[in-house]
file my_file-v3.txt (compact mmCIF, N, CA and C atoms)
# COMPACT_ATOMS: atom_id res chain seq x y z
N MET A 1 -74.50 -44.09 65.52
CA MET A 1 -74.82 -43.16 66.58
C MET A 1 -74.02 -43.49 67.84
N ARG A 2 -73.91 -44.76 68.18
CA ARG A 2 -73.15 -45.16 69.37
C ARG A 2 -71.68 -44.80 69.22
N ARG A 3 -71.15 -44.99 68.03
CA ARG A 3 -69.74 -44.67 67.81
C ARG A 3 -69.49 -43.17 67.97
N LEU A 4 -70.42 -42.38 67.51
CA LEU A 4 -70.29 -40.93 67.64
C LEU A 4 -70.33 -40.53 69.12
N LEU A 5 -71.23 -41.12 69.88
CA LEU A 5 -71.32 -40.83 71.31
C LEU A 5 -70.06 -41.28 72.03
N LEU A 6 -69.58 -42.45 71.74
CA LEU A 6 -68.36 -42.96 72.34
C LEU A 6 -67.17 -42.06 71.99
N ALA A 7 -67.08 -41.63 70.77
CA ALA A 7 -65.99 -40.74 70.35
C ALA A 7 -66.06 -39.42 71.11
N ALA A 8 -67.25 -38.91 71.33
CA ALA A 8 -67.41 -37.65 72.06
C ALA A 8 -66.98 -37.81 73.52
N VAL A 9 -67.35 -38.92 74.13
CA VAL A 9 -66.97 -39.16 75.52
C VAL A 9 -65.46 -39.32 75.64
N LEU A 10 -64.86 -40.06 74.74
CA LEU A 10 -63.41 -40.27 74.78
C LEU A 10 -62.63 -39.00 74.49
N ALA A 11 -63.21 -38.08 73.76
CA ALA A 11 -62.54 -36.82 73.43
C ALA A 11 -62.66 -35.79 74.55
N THR A 12 -63.53 -36.04 75.52
CA THR A 12 -63.72 -35.10 76.62
C THR A 12 -62.50 -35.14 77.54
N PRO A 13 -61.88 -33.99 77.79
CA PRO A 13 -60.72 -33.98 78.69
C PRO A 13 -61.12 -34.41 80.10
N LEU A 14 -60.23 -35.07 80.79
CA LEU A 14 -60.51 -35.52 82.15
C LEU A 14 -60.77 -34.35 83.09
N SER A 15 -60.18 -33.20 82.81
CA SER A 15 -60.38 -32.05 83.67
C SER A 15 -61.84 -31.61 83.70
N VAL A 16 -62.58 -31.88 82.63
CA VAL A 16 -64.00 -31.53 82.59
C VAL A 16 -64.77 -32.43 83.55
N LEU A 17 -64.33 -33.67 83.70
CA LEU A 17 -65.01 -34.63 84.55
C LEU A 17 -64.64 -34.47 86.03
N ALA A 18 -63.52 -33.81 86.31
CA ALA A 18 -63.07 -33.65 87.69
C ALA A 18 -63.90 -32.60 88.42
N ALA A 19 -63.97 -32.73 89.72
CA ALA A 19 -64.70 -31.76 90.55
C ALA A 19 -63.96 -30.44 90.56
N ASP A 20 -64.70 -29.36 90.78
CA ASP A 20 -64.09 -28.05 90.90
C ASP A 20 -63.22 -28.01 92.16
N PRO A 21 -62.05 -27.38 92.06
CA PRO A 21 -61.20 -27.28 93.25
C PRO A 21 -61.90 -26.51 94.36
N GLN A 22 -61.59 -26.88 95.59
CA GLN A 22 -62.12 -26.17 96.75
C GLN A 22 -60.96 -25.50 97.48
N THR A 23 -61.28 -24.46 98.22
CA THR A 23 -60.28 -23.77 99.02
C THR A 23 -60.75 -23.73 100.46
N VAL A 24 -59.84 -24.02 101.38
CA VAL A 24 -60.14 -23.97 102.80
C VAL A 24 -59.02 -23.18 103.50
N VAL A 25 -59.40 -22.44 104.50
CA VAL A 25 -58.42 -21.76 105.35
C VAL A 25 -58.38 -22.52 106.68
N LEU A 26 -57.18 -22.94 107.05
CA LEU A 26 -56.99 -23.65 108.30
C LEU A 26 -56.32 -22.73 109.32
N ASP A 27 -56.84 -22.72 110.53
CA ASP A 27 -56.18 -22.06 111.65
C ASP A 27 -55.18 -23.06 112.20
N VAL A 28 -53.90 -22.70 112.20
CA VAL A 28 -52.84 -23.64 112.56
C VAL A 28 -52.19 -23.22 113.87
N GLN A 29 -52.13 -24.15 114.81
CA GLN A 29 -51.50 -23.90 116.11
C GLN A 29 -50.01 -24.22 116.06
N ASN A 30 -49.30 -23.69 117.03
CA ASN A 30 -47.88 -24.00 117.27
C ASN A 30 -46.91 -23.41 116.25
N MET A 31 -47.35 -22.56 115.34
CA MET A 31 -46.41 -21.93 114.42
C MET A 31 -45.79 -20.72 115.13
N THR A 32 -44.52 -20.85 115.50
CA THR A 32 -43.87 -19.81 116.28
C THR A 32 -42.58 -19.27 115.67
N CYS A 33 -42.06 -19.93 114.64
CA CYS A 33 -40.79 -19.48 114.06
C CYS A 33 -40.85 -19.52 112.54
N GLU A 34 -39.78 -19.07 111.92
CA GLU A 34 -39.73 -18.97 110.46
C GLU A 34 -39.72 -20.34 109.77
N LEU A 35 -39.33 -21.38 110.47
CA LEU A 35 -39.30 -22.72 109.87
C LEU A 35 -40.65 -23.43 109.93
N CYS A 36 -41.49 -23.02 110.85
CA CYS A 36 -42.80 -23.67 111.02
C CYS A 36 -43.63 -23.68 109.73
N PRO A 37 -43.76 -22.55 109.03
CA PRO A 37 -44.56 -22.56 107.80
C PRO A 37 -44.04 -23.54 106.74
N ILE A 38 -42.74 -23.72 106.71
CA ILE A 38 -42.16 -24.66 105.74
C ILE A 38 -42.60 -26.08 106.07
N THR A 39 -42.57 -26.43 107.33
CA THR A 39 -42.98 -27.76 107.77
C THR A 39 -44.46 -27.99 107.48
N VAL A 40 -45.30 -26.99 107.78
CA VAL A 40 -46.74 -27.11 107.54
C VAL A 40 -47.01 -27.24 106.04
N LYS A 41 -46.36 -26.41 105.24
CA LYS A 41 -46.55 -26.46 103.79
C LYS A 41 -46.14 -27.82 103.22
N ASN A 42 -45.00 -28.33 103.67
CA ASN A 42 -44.54 -29.64 103.19
C ASN A 42 -45.53 -30.74 103.56
N ALA A 43 -46.06 -30.68 104.78
CA ALA A 43 -47.03 -31.70 105.21
C ALA A 43 -48.28 -31.65 104.35
N LEU A 44 -48.78 -30.45 104.07
CA LEU A 44 -50.00 -30.32 103.26
C LEU A 44 -49.75 -30.71 101.81
N ASN A 45 -48.60 -30.36 101.27
CA ASN A 45 -48.31 -30.67 99.87
C ASN A 45 -48.14 -32.16 99.62
N LYS A 46 -47.94 -32.94 100.68
CA LYS A 46 -47.84 -34.40 100.52
C LYS A 46 -49.20 -35.07 100.40
N VAL A 47 -50.26 -34.34 100.71
CA VAL A 47 -51.62 -34.90 100.62
C VAL A 47 -52.03 -34.96 99.16
N PRO A 48 -52.38 -36.15 98.65
CA PRO A 48 -52.83 -36.24 97.27
C PRO A 48 -54.04 -35.34 97.02
N GLY A 49 -53.99 -34.58 95.94
CA GLY A 49 -55.09 -33.70 95.58
C GLY A 49 -54.87 -32.25 95.94
N VAL A 50 -53.83 -31.96 96.72
CA VAL A 50 -53.54 -30.56 97.07
C VAL A 50 -52.89 -29.89 95.87
N ALA A 51 -53.47 -28.76 95.46
CA ALA A 51 -52.95 -28.02 94.31
C ALA A 51 -52.00 -26.91 94.74
N THR A 52 -52.44 -26.08 95.69
CA THR A 52 -51.61 -24.99 96.18
C THR A 52 -51.77 -24.83 97.69
N THR A 53 -50.73 -24.30 98.31
CA THR A 53 -50.75 -24.05 99.75
C THR A 53 -50.07 -22.72 100.01
N GLN A 54 -50.74 -21.86 100.76
CA GLN A 54 -50.15 -20.58 101.17
C GLN A 54 -50.22 -20.51 102.69
N ILE A 55 -49.09 -20.24 103.31
CA ILE A 55 -49.01 -20.18 104.76
C ILE A 55 -48.78 -18.73 105.18
N ASP A 56 -49.52 -18.28 106.19
CA ASP A 56 -49.35 -16.94 106.75
C ASP A 56 -48.96 -17.09 108.21
N LEU A 57 -47.68 -16.90 108.50
CA LEU A 57 -47.17 -17.07 109.86
C LEU A 57 -47.80 -16.06 110.81
N GLY A 58 -47.96 -14.82 110.36
CA GLY A 58 -48.53 -13.77 111.21
C GLY A 58 -49.95 -14.08 111.65
N LYS A 59 -50.76 -14.57 110.71
CA LYS A 59 -52.15 -14.91 111.02
C LYS A 59 -52.30 -16.34 111.51
N LYS A 60 -51.22 -17.12 111.40
CA LYS A 60 -51.22 -18.54 111.76
C LYS A 60 -52.31 -19.31 111.00
N THR A 61 -52.29 -19.11 109.66
CA THR A 61 -53.27 -19.79 108.81
C THR A 61 -52.57 -20.47 107.64
N ALA A 62 -53.27 -21.44 107.09
CA ALA A 62 -52.85 -22.11 105.86
C ALA A 62 -54.05 -22.09 104.92
N THR A 63 -53.87 -21.54 103.74
CA THR A 63 -54.92 -21.53 102.72
C THR A 63 -54.57 -22.60 101.71
N VAL A 64 -55.47 -23.57 101.56
CA VAL A 64 -55.18 -24.74 100.75
C VAL A 64 -56.23 -24.89 99.66
N LYS A 65 -55.78 -25.00 98.42
CA LYS A 65 -56.66 -25.29 97.29
C LYS A 65 -56.46 -26.77 96.97
N PHE A 66 -57.58 -27.52 96.90
CA PHE A 66 -57.45 -28.97 96.74
C PHE A 66 -58.60 -29.53 95.90
N ASP A 67 -58.39 -30.74 95.42
CA ASP A 67 -59.39 -31.48 94.66
C ASP A 67 -60.22 -32.28 95.66
N PRO A 68 -61.52 -31.95 95.82
CA PRO A 68 -62.34 -32.64 96.81
C PRO A 68 -62.60 -34.11 96.49
N ASP A 69 -62.29 -34.53 95.28
CA ASP A 69 -62.40 -35.95 94.94
C ASP A 69 -61.22 -36.74 95.48
N ARG A 70 -60.14 -36.04 95.82
CA ARG A 70 -58.92 -36.73 96.27
C ARG A 70 -58.53 -36.41 97.70
N ALA A 71 -59.05 -35.32 98.24
CA ALA A 71 -58.68 -34.91 99.60
C ALA A 71 -59.91 -34.31 100.29
N THR A 72 -59.87 -34.31 101.61
CA THR A 72 -60.93 -33.69 102.39
C THR A 72 -60.29 -32.74 103.41
N VAL A 73 -61.10 -31.90 103.99
CA VAL A 73 -60.60 -31.02 105.04
C VAL A 73 -60.03 -31.87 106.18
N ALA A 74 -60.68 -32.97 106.48
CA ALA A 74 -60.19 -33.86 107.55
C ALA A 74 -58.79 -34.39 107.25
N THR A 75 -58.50 -34.74 106.00
CA THR A 75 -57.16 -35.24 105.68
C THR A 75 -56.13 -34.12 105.76
N LEU A 76 -56.53 -32.90 105.44
CA LEU A 76 -55.62 -31.76 105.56
C LEU A 76 -55.31 -31.48 107.03
N VAL A 77 -56.34 -31.51 107.87
CA VAL A 77 -56.16 -31.31 109.31
C VAL A 77 -55.26 -32.41 109.88
N LYS A 78 -55.48 -33.63 109.45
CA LYS A 78 -54.67 -34.75 109.92
C LYS A 78 -53.21 -34.56 109.52
N ALA A 79 -52.97 -34.05 108.33
CA ALA A 79 -51.59 -33.85 107.86
C ALA A 79 -50.86 -32.82 108.72
N THR A 80 -51.50 -31.70 109.02
CA THR A 80 -50.83 -30.69 109.84
C THR A 80 -50.65 -31.19 111.28
N THR A 81 -51.66 -31.86 111.79
CA THR A 81 -51.60 -32.37 113.16
C THR A 81 -50.49 -33.40 113.30
N SER A 82 -50.36 -34.28 112.32
CA SER A 82 -49.31 -35.30 112.35
C SER A 82 -47.92 -34.68 112.29
N ALA A 83 -47.82 -33.48 111.70
CA ALA A 83 -46.54 -32.78 111.62
C ALA A 83 -46.27 -31.95 112.88
N GLY A 84 -47.20 -31.98 113.84
CA GLY A 84 -47.00 -31.25 115.08
C GLY A 84 -47.68 -29.90 115.14
N TYR A 85 -48.57 -29.64 114.18
CA TYR A 85 -49.26 -28.37 114.08
C TYR A 85 -50.77 -28.60 113.97
N PRO A 86 -51.44 -28.83 115.07
CA PRO A 86 -52.90 -29.06 115.02
C PRO A 86 -53.60 -27.90 114.32
N SER A 87 -54.62 -28.22 113.55
CA SER A 87 -55.34 -27.17 112.84
C SER A 87 -56.84 -27.47 112.84
N THR A 88 -57.59 -26.43 112.54
CA THR A 88 -59.04 -26.54 112.39
C THR A 88 -59.45 -25.66 111.21
N ALA A 89 -60.56 -26.01 110.60
CA ALA A 89 -61.08 -25.18 109.50
C ALA A 89 -61.50 -23.84 110.07
N HIS A 90 -61.10 -22.77 109.39
CA HIS A 90 -61.43 -21.39 109.81
C HIS A 90 -62.91 -21.13 109.59
N ASN A 91 -63.55 -20.52 110.55
CA ASN A 91 -64.98 -20.20 110.41
C ASN A 91 -65.18 -18.85 109.81

call {"tool": "encode", "arguments": {"input": "my_file-v3.txt", "output": "structure tokens"}}
result
Amino acid sequence: MRRLLLAAVLATPLSVLAADPQTVVLDVQNMTCELCPITVKNALNKVPGVATTQIDLGKKTATVKFDPDRATVATLVKATTSAGYPSTAHN
């Protein structure tokens, strides 16, 4: 019985054990030119756990899908702020 249980646990893909991805929209300051979104996107994509990043220059937002086990909204805000683009979670 123990061997069967152990085999079942070992056969379970790691993706089943991982947390569901979360999405946050950040309001990003200081984005004024066409290069700004590239810098913001690069900063966010360097954060471990970030899956996708979409930047909207017109709305001055960044939509980030991330693994909450590896990243937090605070780490995403810190990444943009360190790159010169302070941000806050959109309400």

call {"tool": "select_by_dssp", "arguments": {"input": "my_file-v3.txt", "residues": "chain A", "states": "strand (DSSP E)", "output": "mmCIF file with N, CA and C atoms, in the coordinates of the input"}}
result
data_model
loop_
_atom_site.group_PDB
_atom_site.id
_atom_site.type_symbol
_atom_site.label_atom_id
_atom_site.label_comp_id
_atom_site.auth_asym_id
_atom_site.auth_seq_id
_atom_site.Cartn_x
_atom_site.Cartn_y
_atom_site.Cartn_z
ATOM 1 N N GLN A 22 -61.590 -26.880 95.590
ATOM 2 C CA GLN A 22 -62.120 -26.170 96.750
ATOM 3 C C GLN A 22 -60.960 -25.500 97.480
ATOM 4 N N THR A 23 -61.280 -24.460 98.220
ATOM 5 C CA THR A 23 -60.280 -23.770 99.020
ATOM 6 C C THR A 23 -60.750 -23.730 100.460
ATOM 7 N N VAL A 24 -59.840 -24.020 101.380
ATOM 8 C CA VAL A 24 -60.140 -23.970 102.800
ATOM 9 C C VAL A 24 -59.020 -23.180 103.500
ATOM 10 N N VAL A 25 -59.400 -22.440 104.500
ATOM 11 C CA VAL A 25 -58.420 -21.760 105.350
ATOM 12 C C VAL A 25 -58.380 -22.520 106.680
ATOM 13 N N LEU A 26 -57.180 -22.940 107.050
ATOM 14 C CA LEU A 26 -56.990 -23.650 108.300
ATOM 15 C C LEU A 26 -56.320 -22.730 109.320
ATOM 16 N N ASP A 27 -56.840 -22.720 110.530
ATOM 17 C CA ASP A 27 -56.180 -22.060 111.650
ATOM 18 C C ASP A 27 -55.180 -23.060 112.200
ATOM 19 N N VAL A 28 -53.900 -22.700 112.200
ATOM 20 C CA VAL A 28 -52.840 -23.640 112.560
ATOM 21 C C VAL A 28 -52.190 -23.220 113.870
ATOM 22 N N VAL A 50 -53.830 -31.960 96.720
ATOM 23 C CA VAL A 50 -53.540 -30.560 97.070
ATOM 24 C C VAL A 50 -52.890 -29.890 95.870
ATOM 25 N N ALA A 51 -53.470 -28.760 95.460
ATOM 26 C CA ALA A 51 -52.950 -28.020 94.310
ATOM 27 C C ALA A 51 -52.000 -26.910 94.740
ATOM 28 N N THR A 52 -52.440 -26.080 95.690
ATOM 29 C CA THR A 52 -51.610 -24.990 96.180
ATOM 30 C C THR A 52 -51.770 -24.830 97.690
ATOM 31 N N THR A 53 -50.730 -24.300 98.310
ATOM 32 C CA THR A 53 -50.750 -24.050 99.750
ATOM 33 C C THR A 53 -50.070 -22.720 100.010
ATOM 34 N N GLN A 54 -50.740 -21.860 100.760
ATOM 35 C CA GLN A 54 -50.150 -20.580 101.170
ATOM 36 C C GLN A 54 -50.220 -20.510 102.690
ATOM 37 N N ILE A 55 -49.090 -20.240 103.310
ATOM 38 C CA ILE A 55 -49.010 -20.180 104.760
ATOM 39 C C ILE A 55 -48.780 -18.730 105.180
ATOM 40 N N ASP A 56 -49.520 -18.280 106.190
ATOM 41 C CA ASP A 56 -49.350 -16.940 106.750
ATOM 42 C C ASP A 56 -48.960 -17.090 108.210
ATOM 43 N N THR A 61 -52.290 -19.110 109.660
ATOM 44 C CA THR A 61 -53.270 -19.790 108.810
ATOM 45 C C THR A 61 -52.570 -20.470 107.640
ATOM 46 N N ALA A 62 -53.270 -21.440 107.090
ATOM 47 C CA ALA A 62 -52.850 -22.110 105.860
ATOM 48 C C ALA A 62 -54.050 -22.090 104.920
ATOM 49 N N THR A 63 -53.870 -21.540 103.740
ATOM 50 C CA THR A 63 -54.920 -21.530 102.720
ATOM 51 C C THR A 63 -54.570 -22.600 101.710
ATOM 52 N N VAL A 64 -55.470 -23.570 101.560
ATOM 53 C CA VAL A 64 -55.180 -24.740 100.750
ATOM 54 C C VAL A 64 -56.230 -24.890 99.660
ATOM 55 N N LYS A 65 -55.780 -25.000 98.420
ATOM 56 C CA LYS A 65 -56.660 -25.290 97.290
ATOM 57 C C LYS A 65 -56.460 -26.770 96.970
ATOM 58 N N PHE A 66 -57.580 -27.520 96.900
ATOM 59 C CA PHE A 66 -57.450 -28.970 96.740
ATOM 60 C C PHE A 66 -58.600 -29.530 95.900
ATOM 61 N N SER A 87 -54.620 -28.220 113.550
ATOM 62 C CA SER A 87 -55.340 -27.170 112.840
ATOM 63 C C SER A 87 -56.840 -27.470 112.840
ATOM 64 N N THR A 88 -57.590 -26.430 112.540
ATOM 65 C CA THR A 88 -59.040 -26.540 112.390
ATOM 66 C C THR A 88 -59.450 -25.660 111.210
ATOM 67 N N ALA A 89 -60.560 -26.010 110.600
ATOM 68 C CA ALA A 89 -61.080 -25.180 109.500
ATOM 69 C C ALA A 89 -61.500 -23.840 110.070
#

call {"tool": "closest_residue", "arguments": {"input": "my_file-v3.txt", "among": "A:Leu26, A:Val73, A:Ala43, A:Val50", "to": "His90 of chain A", "atoms": "only N, CA and C atoms"}}
result
A:Leu26

call {"tool": "residues_near_point", "arguments": {"input": "my_file-v3.txt", "point": "(-52.3, -31.0, 111.4)", "cutoff": "8 Å", "atoms": "all atoms listed in the file", "output": "ChimeraX atom specification"}}
result
/A:28-29,40,75-88

call {"tool": "residues_around", "arguments": {"input": "my_file-v3.txt", "residues": "Ile55 of chain A", "least_positions_apart": "5", "cutoff": "7 Å", "atoms": "all atoms listed in the file", "output": "list in words"}}
result
Pro37, Lys41, Lys60, Thr61, Ala62 and Thr63 of chain A

call {"tool": "atom_distance", "arguments": {"input": "my_file-v3.txt", "atom1": "atom N of Gly58 of chain A", "atom2": "atom C of Ile38 of chain A"}}
result
13.2 Å

call {"tool": "atom_distance", "arguments": {"input": "my_file-v3.txt", "atom1": "atom CA of Asp20 of chain A", "atom2": "atom C of Cys36 of chain A"}}
result
28.1 Å

call {"tool": "residues_around", "arguments": {"input": "my_file-v3.txt", "residues": "Ala51 of chain A", "least_positions_apart": "5", "cutoff": "8 Å", "atoms": "only N, CA and C atoms", "output": "number ranges by chain"}}
result
A: 44-45, 64-67

call {"tool": "select_by_dssp", "arguments": {"input": "my_file-v3.txt", "residues": "chain A", "states": "alpha helix (DSSP H)", "output": "number ranges by chain"}}
result
A: 2-11, 14-17, 36-45, 73-82

call {"tool": "atom_distance", "arguments": {"input": "my_file-v3.txt", "atom1": "atom CA of Asp27 of chain A", "atom2": "atom C of Ala89 of chain A"}}
result
5.8 Å

call {"tool": "residues_around", "arguments": {"input": "my_file-v3.txt", "residues": "Asp69 of chain A", "least_positions_apart": "3", "cutoff": "7 Å", "atoms": "only N, CA and C atoms", "output": "number ranges by chain"}}
result
A: 19, 49, 66, 72

call {"tool": "closest_residue", "arguments": {"input": "my_file-v3.txt", "among": "A:Ala74, A:Cys33, A:Gln54, A:Pro68", "to": "Pro21 of chain A", "atoms": "all atoms listed in the file"}}
result
A:Pro68

call {"tool": "decode", "arguments": {"input": "my_file-v3.txt", "residues": "segment 12-67 of chain A", "atoms": "C-alpha atoms", "output": "PDB file, in the first residue's frame"}}
result
ATOM      1  CA  THR A  12       2.056  13.674  -9.894  1.00  0.00           C
ATOM      2  CA  PRO A  13       3.357  16.490 -12.117  1.00  0.00           C
ATOM      3  CA  LEU A  14       4.924  19.402 -10.257  1.00  0.00           C
ATOM      4  CA  SER A  15       2.518  21.776 -11.992  1.00  0.00           C
ATOM      5  CA  VAL A  16      -0.328  20.216 -10.000  1.00  0.00           C
ATOM      6  CA  LEU A  17       1.479  21.077  -6.769  1.00  0.00           C
ATOM      7  CA  ALA A  18       2.267  24.667  -7.809  1.00  0.00           C
ATOM      8  CA  ALA A  19       0.006  27.561  -6.878  1.00  0.00           C
ATOM      9  CA  ASP A  20      -2.348  28.986  -9.476  1.00  0.00           C
ATOM     10  CA  PRO A  21      -0.837  31.941 -11.318  1.00  0.00           C
ATOM     11  CA  GLN A  22      -1.998  35.385 -10.240  1.00  0.00           C
ATOM     12  CA  THR A  23      -2.410  38.500 -12.333  1.00  0.00           C
ATOM     13  CA  VAL A  24      -1.871  42.059 -11.145  1.00  0.00           C
ATOM     14  CA  VAL A  25      -2.192  45.365 -12.949  1.00  0.00           C
ATOM     15  CA  LEU A  26       0.400  47.933 -11.923  1.00  0.00           C
ATOM     16  CA  ASP A  27       0.002  51.667 -12.447  1.00  0.00           C
ATOM     17  CA  VAL A  28       3.450  52.731 -13.638  1.00  0.00           C
ATOM     18  CA  GLN A  29       4.801  56.277 -13.352  1.00  0.00           C
ATOM     19  CA  ASN A  30       7.354  58.015 -15.570  1.00  0.00           C
ATOM     20  CA  MET A  31       6.547  56.133 -18.797  1.00  0.00           C
ATOM     21  CA  THR A  32       6.777  58.926 -21.360  1.00  0.00           C
ATOM     22  CA  CYS A  33       8.386  57.478 -24.498  1.00  0.00           C
ATOM     23  CA  GLU A  34       8.421  54.397 -26.698  1.00  0.00           C
ATOM     24  CA  LEU A  35      11.465  52.930 -24.916  1.00  0.00           C
ATOM     25  CA  CYS A  36       9.965  53.124 -21.425  1.00  0.00           C
ATOM     26  CA  PRO A  37       7.718  50.042 -21.812  1.00  0.00           C
ATOM     27  CA  ILE A  38      10.707  47.982 -22.934  1.00  0.00           C
ATOM     28  CA  THR A  39      12.652  48.941 -19.809  1.00  0.00           C
ATOM     29  CA  VAL A  40       9.669  48.199 -17.537  1.00  0.00           C
ATOM     30  CA  LYS A  41       9.015  44.851 -19.238  1.00  0.00           C
ATOM     31  CA  ASN A  42      12.670  43.827 -18.953  1.00  0.00           C
ATOM     32  CA  ALA A  43      12.734  44.743 -15.258  1.00  0.00           C
ATOM     33  CA  LEU A  44       9.597  42.706 -14.534  1.00  0.00           C
ATOM     34  CA  ASN A  45      10.700  39.712 -16.606  1.00  0.00           C
ATOM     35  CA  LYS A  46      13.861  39.441 -14.476  1.00  0.00           C
ATOM     36  CA  VAL A  47      11.751  38.707 -11.383  1.00  0.00           C
ATOM     37  CA  PRO A  48      11.697  34.950 -10.724  1.00  0.00           C
ATOM     38  CA  GLY A  49       8.173  33.599 -11.144  1.00  0.00           C
ATOM     39  CA  VAL A  50       6.964  36.124 -13.727  1.00  0.00           C
ATOM     40  CA  ALA A  51       5.231  34.276 -16.563  1.00  0.00           C
ATOM     41  CA  THR A  52       3.992  37.097 -18.806  1.00  0.00           C
ATOM     42  CA  THR A  53       4.131  40.880 -18.891  1.00  0.00           C
ATOM     43  CA  GLN A  54       2.040  43.245 -20.998  1.00  0.00           C
ATOM     44  CA  ILE A  55       2.771  46.963 -20.961  1.00  0.00           C
ATOM     45  CA  ASP A  56       0.273  49.631 -22.071  1.00  0.00           C
ATOM     46  CA  LEU A  57       2.053  52.943 -22.612  1.00  0.00           C
ATOM     47  CA  GLY A  58      -1.209  54.831 -23.206  1.00  0.00           C
ATOM     48  CA  LYS A  59      -2.755  53.688 -19.935  1.00  0.00           C
ATOM     49  CA  LYS A  60       0.634  53.611 -18.168  1.00  0.00           C
ATOM     50  CA  THR A  61      -0.007  50.114 -16.834  1.00  0.00           C
ATOM     51  CA  ALA A  62       1.774  46.784 -16.641  1.00  0.00           C
ATOM     52  CA  THR A  63      -0.271  43.586 -16.464  1.00  0.00           C
ATOM     53  CA  VAL A  64       1.812  40.822 -14.928  1.00  0.00           C
ATOM     54  CA  LYS A  65       0.977  37.128 -14.591  1.00  0.00           C
ATOM     55  CA  PHE A  66       3.164  35.499 -11.945  1.00  0.00           C
ATOM     56  CA  ASP A  67       3.611  32.511  -9.646  1.00  0.00           C
TER      57      ASP A  67
END
